[in-house]
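The structure under discussion appears below in the form of structure tokens.
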Amino acid sequence: MPTPPIRFGTDGWRAVIAEGFTFERLGIAAQASAQVLARTYPGAGIVVGYDNRFLSEQFAAHTAEVVASLGIPVYLSACAAPTPAFSWAAKEQGCHGALVITASHNPAHYSGLKVKGGFGGSVPPEVTTEIEQEMQNLSSVNTQKAPIQSWDPWPSYVTQLSRFVDLDALKKSPAKIWVDAMFGSGSGGLTRLLGNTITELQGYRDPLFGGVPPEPLPQNLRKSSQVIAADPAPLKIGLVFDGDADRIAAIDGHGNFLSPQILIPILIDHLAGRRGLRGEIVKTISGSELFVKVAEYYGLPITEMPVGFKYIAERMMSTEVLLGGEESGGIGYLGHIPERDALLSGLYLIEAVTETKQDLSEIYQTLQERAGFTSVYQRRDLHLTDQTQQTQVLKRLHVDPPAEILGQNVVKHFDQDGHKFTLANSSWVMIRGSGTEPLLRLYAEAQDIDSVNSLLDWASEIAKGSAPTA
């Protein structure tokens with residue numbers, strides 16, 4: 001089969017190791033990315049970092065050699081670290097940007113490349129488009145090789161995170177704090193900040209990620225949920241990081257999975273309520289309507305964007321954004337870099353539990369009661385044979401969108417990123433394609449689980465082409 005072209009999705013380029021992701025192809029992507037970064041963002045040098053995946057150190061070393069051959073100095077990480085640590089380093093060290101070897105939450109046989117700008121966040125779509133064009137016109141470079149400097153990204157990153165919370169207060173938290181690092185590059189991060197108050201699960205390197213993708217979803221967290229539920233501590237919080245620690249989920253004291261759809265309203269309430277902070281709330285279209293309800297309660301403006309944190313990052317650079325969050329768990333904050341950061345999210349959640357002395361689920365229930373809004377959210381991933389099938393489904397919905405779904409009129413159709421249909425009873429269903437894998441993501445939010453499953457079943461039948469759209 002022909003090798004697919006290098007294309008950037010919602011956050012970087014990802015492909016199967018030794019199939020689409022090879023040293024040769026990475027070298028092409030790295031050269032084009034470095035040249036575009038150097039032209040686009042002022043500074044000196046490029047940060048190169050990596051995660052805990054198979055061959056990540058070697059891929060990073062190869063990337064560093066390619067960048068150095070362009071005459072651009074390189075800061076090559078001496079160890080794996082969270083992606084936001086490298087984004088922060090690019091800004092703090094005044095670099096053109098950062099190139100990070102990571103496939104984030106993808107299965108173990110994937111690797112990838114994330115491109116970060118010197119401002120400390122994901123580059124916007126027009127820059128990735130320029131990188132893709134640059135790859136078509138690469139020429140050999142005869143520049144004198146620049147130096148490659150090895151450095152540890154953790155100390156500066158930990159110092160930056162410590163500016164946002166009172167670490168001494170959190171170390172005295174009445175809650176037992178569990179962290180499931182999912183074998184990813186966030187391993188040991190909160191321990192560096194809070195010491196032995198942290199009890200870590202899956203906190204060592206396993207390139208196979210225990211046999212499941214390093215994505216914080218209920219089916220991937222059964223063992224951790226059981227361990228936390230069995231802990232006799234009266235107050236507990238479980239935090240879960242994805243493979244490169246830029247996304248977060250949680251587990252409550254009873255072992256129940258808490259999605260970002262639950263955590264983001266808690267965080268908005270904590271920052272605006274107990275912290276008294278102000279600013280705009282930015283959500284992606286797949287975010288819960290409770291984000292809106294909590295923001296409105298505090299009189300905060302709210303903006304809706306397509307899926308992909310790069311869109312939130314753009315907004316964060318143009319206005320005062322208190323919190324920008326996506327349903328997959330990427331959340332960025334006022335005063336930090338325009339980047340999603342799971343460790344900072346974790347610190348704020350620990351702070352919320354410490355100050356309220358309540359389980360996260362109890363805090364969430366209080367928010368629902370106050371807003372008079374109760375909902376259930378679910379997401380399904382529908383694997384396809386190839387990207388062509390994905391394109392056909394989305395095109396069909398564009399040409400012939402439904403006017404009614406399961407007896408409810410469609411009152412709003414958002415089609416800038418997949419297709420989201422909001423219904424007359426305030427429930428919604430969404431179908432969008434993955435930018436990194438041949439699959440469709442199906443989302444739904446409704447008043448109860450039966451209604452959610454009915455909407456997801458409808459979306460699944462539509463995606464399979466076995467049901468009419470209208």
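Going by the structure tokens order, chains are called A, B, ..., each with residues numbered from 1, while ligands are numbered from 1 in the order shown.
Backbone DSSP assigns strand (DSSP E or B) in region 397-443 of chain A to Glu404, Ile405, Gln408, Asn409, Val410, Val411, Lys412, His413, Phe414, His419, Lys420, Phe421, Thr422, Leu423, Trp428, Val429, Met430, Ile431, Arg432, Gly433, Leu439, Leu440, Arg441, Leu442 and Tyr443 of chain A.
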Writing out the chosen residues with N, CA and C atoms as a PDB file, in the first residue's frame:
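Written output follows (out-v1.pdb):
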ATOM      1  N   GLU A 404     -34.788  16.496  11.636  1.00  0.00           N
ATOM      2  CA  GLU A 404     -35.361  15.921  12.846  1.00  0.00           C
ATOM      3  C   GLU A 404     -34.569  14.674  13.227  1.00  0.00           C
ATOM      4  N   ILE A 405     -34.366  14.482  14.511  1.00  0.00           N
ATOM      5  CA  ILE A 405     -33.646  13.301  14.999  1.00  0.00           C
ATOM      6  C   ILE A 405     -34.439  12.699  16.153  1.00  0.00           C
ATOM      7  N   GLN A 408     -37.275  14.702  17.568  1.00  0.00           N
ATOM      8  CA  GLN A 408     -36.987  16.065  18.021  1.00  0.00           C
ATOM      9  C   GLN A 408     -36.474  16.908  16.857  1.00  0.00           C
ATOM     10  N   ASN A 409     -37.013  18.120  16.717  1.00  0.00           N
ATOM     11  CA  ASN A 409     -36.536  19.020  15.663  1.00  0.00           C
ATOM     12  C   ASN A 409     -35.101  19.460  15.921  1.00  0.00           C
ATOM     13  N   VAL A 410     -34.327  19.554  14.856  1.00  0.00           N
ATOM     14  CA  VAL A 410     -32.973  20.100  14.933  1.00  0.00           C
ATOM     15  C   VAL A 410     -33.077  21.625  14.928  1.00  0.00           C
ATOM     16  N   VAL A 411     -32.625  22.268  16.009  1.00  0.00           N
ATOM     17  CA  VAL A 411     -32.749  23.724  16.111  1.00  0.00           C
ATOM     18  C   VAL A 411     -31.438  24.439  15.778  1.00  0.00           C
ATOM     19  N   LYS A 412     -30.336  23.683  15.748  1.00  0.00           N
ATOM     20  CA  LYS A 412     -29.056  24.301  15.407  1.00  0.00           C
ATOM     21  C   LYS A 412     -28.147  23.241  14.804  1.00  0.00           C
ATOM     22  N   HIS A 413     -27.496  23.603  13.690  1.00  0.00           N
ATOM     23  CA  HIS A 413     -26.559  22.705  13.018  1.00  0.00           C
ATOM     24  C   HIS A 413     -25.220  23.424  12.888  1.00  0.00           C
ATOM     25  N   PHE A 414     -24.209  22.947  13.646  1.00  0.00           N
ATOM     26  CA  PHE A 414     -22.849  23.507  13.588  1.00  0.00           C
ATOM     27  C   PHE A 414     -22.029  22.597  12.690  1.00  0.00           C
ATOM     28  N   HIS A 419     -20.168  17.601  12.355  1.00  0.00           N
ATOM     29  CA  HIS A 419     -21.564  18.029  12.354  1.00  0.00           C
ATOM     30  C   HIS A 419     -22.155  17.844  13.742  1.00  0.00           C
ATOM     31  N   LYS A 420     -22.582  18.948  14.356  1.00  0.00           N
ATOM     32  CA  LYS A 420     -23.241  18.920  15.656  1.00  0.00           C
ATOM     33  C   LYS A 420     -24.683  19.371  15.477  1.00  0.00           C
ATOM     34  N   PHE A 421     -25.620  18.536  15.956  1.00  0.00           N
ATOM     35  CA  PHE A 421     -27.040  18.833  15.835  1.00  0.00           C
ATOM     36  C   PHE A 421     -27.618  19.036  17.234  1.00  0.00           C
ATOM     37  N   THR A 422     -28.062  20.256  17.512  1.00  0.00           N
ATOM     38  CA  THR A 422     -28.716  20.559  18.783  1.00  0.00           C
ATOM     39  C   THR A 422     -30.222  20.438  18.588  1.00  0.00           C
ATOM     40  N   LEU A 423     -30.882  19.740  19.506  1.00  0.00           N
ATOM     41  CA  LEU A 423     -32.299  19.427  19.361  1.00  0.00           C
ATOM     42  C   LEU A 423     -33.165  20.339  20.223  1.00  0.00           C
ATOM     43  N   TRP A 428     -28.029  17.108  22.389  1.00  0.00           N
ATOM     44  CA  TRP A 428     -27.297  17.253  21.141  1.00  0.00           C
ATOM     45  C   TRP A 428     -26.511  16.000  20.803  1.00  0.00           C
ATOM     46  N   VAL A 429     -26.210  15.836  19.518  1.00  0.00           N
ATOM     47  CA  VAL A 429     -25.416  14.722  19.025  1.00  0.00           C
ATOM     48  C   VAL A 429     -24.454  15.267  17.980  1.00  0.00           C
ATOM     49  N   MET A 430     -23.267  14.681  17.929  1.00  0.00           N
ATOM     50  CA  MET A 430     -22.240  15.209  17.038  1.00  0.00           C
ATOM     51  C   MET A 430     -21.457  14.063  16.401  1.00  0.00           C
ATOM     52  N   ILE A 431     -21.117  14.247  15.133  1.00  0.00           N
ATOM     53  CA  ILE A 431     -20.297  13.293  14.387  1.00  0.00           C
ATOM     54  C   ILE A 431     -19.136  14.065  13.779  1.00  0.00           C
ATOM     55  N   ARG A 432     -17.911  13.664  14.120  1.00  0.00           N
ATOM     56  CA  ARG A 432     -16.749  14.322  13.515  1.00  0.00           C
ATOM     57  C   ARG A 432     -15.643  13.302  13.294  1.00  0.00           C
ATOM     58  N   GLY A 433     -14.790  13.581  12.336  1.00  0.00           N
ATOM     59  CA  GLY A 433     -13.702  12.673  12.023  1.00  0.00           C
ATOM     60  C   GLY A 433     -12.468  12.955  12.854  1.00  0.00           C
ATOM     61  N   LEU A 439     -11.151   6.967  11.972  1.00  0.00           N
ATOM     62  CA  LEU A 439     -12.310   6.708  12.826  1.00  0.00           C
ATOM     63  C   LEU A 439     -13.189   7.943  12.911  1.00  0.00           C
ATOM     64  N   LEU A 440     -14.431   7.701  13.274  1.00  0.00           N
ATOM     65  CA  LEU A 440     -15.372   8.776  13.538  1.00  0.00           C
ATOM     66  C   LEU A 440     -15.618   8.846  15.037  1.00  0.00           C
ATOM     67  N   ARG A 441     -15.656  10.046  15.567  1.00  0.00           N
ATOM     68  CA  ARG A 441     -15.992  10.241  16.972  1.00  0.00           C
ATOM     69  C   ARG A 441     -17.459  10.665  17.052  1.00  0.00           C
ATOM     70  N   LEU A 442     -18.207   9.939  17.867  1.00  0.00           N
ATOM     71  CA  LEU A 442     -19.631  10.205  18.044  1.00  0.00           C
ATOM     72  C   LEU A 442     -19.850  10.713  19.460  1.00  0.00           C
ATOM     73  N   TYR A 443     -20.504  11.851  19.597  1.00  0.00           N
ATOM     74  CA  TYR A 443     -20.713  12.494  20.892  1.00  0.00           C
ATOM     75  C   TYR A 443     -22.209  12.731  21.106  1.00  0.00           C
TER      76      TYR A 443
END
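Residues in contact range of region 148-150 of chain A, defined as at most 9 Å between only C-alpha atoms, with sequence neighbours fewer than 2 positions away removed, read Ala64, Glu65, Ala68, Pro73, Val74, Tyr75, Leu76, Ser77, Ala78, Ala146 and Asp152 of chain A.
Note that CA of Ala250 (chain A) and CA of Leu99 (chain A) are 28.4 Å apart.
Using only C-alpha atoms for every distance, the candidate list A:Asp168, A:Ala32, A:Arg315, A:Ala245 yields A:Ala32 as the residue closest to Thr129 (chain A).
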What parts of region 39-237 of chain A does DSSP call alpha helix (DSSP H)? I'd like the answer as a PyMOL selection string.
chain A and resi 39-40+56-68+83-92+125-135+154-162+167-171+189-194+222-230
Using only C-alpha atoms, determine which residues lie at most 10 Å from Lys172 (chain A), disregarding the query and same-chain residues fewer than 5 positions distant; provide the list as a ChimeraX atom specification.
/A:167,194,197,354
If we count only C-alpha atoms, what is near Met317 (chain A) at a cut-off of 12 Å, once residues fewer than 6 positions away on the same chain are taken out, given as a list in words?
Phe119, Gly120, Gly121, Ser122, Val123, Pro124, Glu280, Lys310, Tyr311, Gly324, Gly332, Tyr333, Leu334, Gly335, His336, Ile337, Pro338 and Glu339 of chain A
Next, the residues of the selection above should be written as a PDB file, in the first residue's frame with C-alpha atoms.
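Everything below was put into again.pdb:
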ATOM      1  CA  PHE A 119       4.728  31.828  22.353  1.00  0.00           C
ATOM      2  CA  GLY A 120       4.309  28.505  24.207  1.00  0.00           C
ATOM      3  CA  GLY A 121       1.453  26.739  22.424  1.00  0.00           C
ATOM      4  CA  SER A 122       0.381  24.786  19.349  1.00  0.00           C
ATOM      5  CA  VAL A 123       0.945  26.592  16.084  1.00  0.00           C
ATOM      6  CA  PRO A 124      -2.243  27.707  14.255  1.00  0.00           C
ATOM      7  CA  GLU A 280     -13.595  34.616  29.217  1.00  0.00           C
ATOM      8  CA  LYS A 310      -4.970  25.300  18.754  1.00  0.00           C
ATOM      9  CA  TYR A 311      -8.207  27.260  18.244  1.00  0.00           C
ATOM     10  CA  GLY A 324     -10.196  27.292  27.755  1.00  0.00           C
ATOM     11  CA  GLY A 332      -5.502  25.997  29.521  1.00  0.00           C
ATOM     12  CA  TYR A 333      -5.501  28.782  32.108  1.00  0.00           C
ATOM     13  CA  LEU A 334      -5.117  32.512  32.600  1.00  0.00           C
ATOM     14  CA  GLY A 335      -1.545  33.550  33.367  1.00  0.00           C
ATOM     15  CA  HIS A 336       0.031  30.382  32.003  1.00  0.00           C
ATOM     16  CA  ILE A 337       1.059  29.581  28.434  1.00  0.00           C
ATOM     17  CA  PRO A 338      -1.715  29.198  25.802  1.00  0.00           C
ATOM     18  CA  GLU A 339      -1.433  25.444  26.100  1.00  0.00           C
TER      19      GLU A 339
END
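If you count only C-alpha atoms and ignore residues fewer than 5 places along the chain from Gly184 (chain A), what sits within 8 Å of it is Asp51, Asn52, Arg53, Gly203, Tyr204, Arg205, Asp206, Phe209, Pro214, Phe241, Asp242, Gly243, Asp244 and Ala245 of chain A.
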Could you list, with a cut-off of 12 Å and counting only C-alpha atoms, the residues of region 4-38 of chain A near region 81-95 of chain A, each shown with its nearest atom pair and the distance in Å rounded to one decimal, rows sorted by chain and ascending number, as a tab-separated table?
residue	atom	partner	partner_atom	distance
A:Asp11	CA	A:Thr83	CA	11.4
A:Gly12	CA	A:Thr83	CA	11.9
A:Ala34	CA	A:Cys95	CA	11.1
A:Leu37	CA	A:Cys95	CA	9.4
A:Ala38	CA	A:Cys95	CA	8.8
Print the selection's residues with C-alpha atoms to a file, as a PDB file, in the first residue's frame.
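Listing of again.pdb after writing:
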ATOM      1  CA  ASP A  11      -2.421  18.734  17.142  1.00  0.00           C
ATOM      2  CA  GLY A  12       0.475  17.517  15.048  1.00  0.00           C
ATOM      3  CA  ALA A  34      12.115  23.998  11.899  1.00  0.00           C
ATOM      4  CA  LEU A  37       9.263  28.054  12.926  1.00  0.00           C
ATOM      5  CA  ALA A  38      12.486  30.012  12.392  1.00  0.00           C
TER       6      ALA A  38
END
What is the distance, in Å and to one decimal place, between CA of Ala44 (chain A) and CA of Arg192 (chain A)?
29.2 Å
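Minimum distance to Ile251 (chain A) across A:Ile268, A:Leu193, A:Ile177, A:Ala313 (counting only C-alpha atoms) occurs at A:Ile177.
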For Ala181 (chain A), the closest of A:Gly211, A:Gly238, A:Arg163, A:Asn196 counting only C-alpha atoms is A:Gly238
CA of Gln358 (chain A) to CA of Gly253 (chain A): how many Å, to one decimal?
9.8 Å
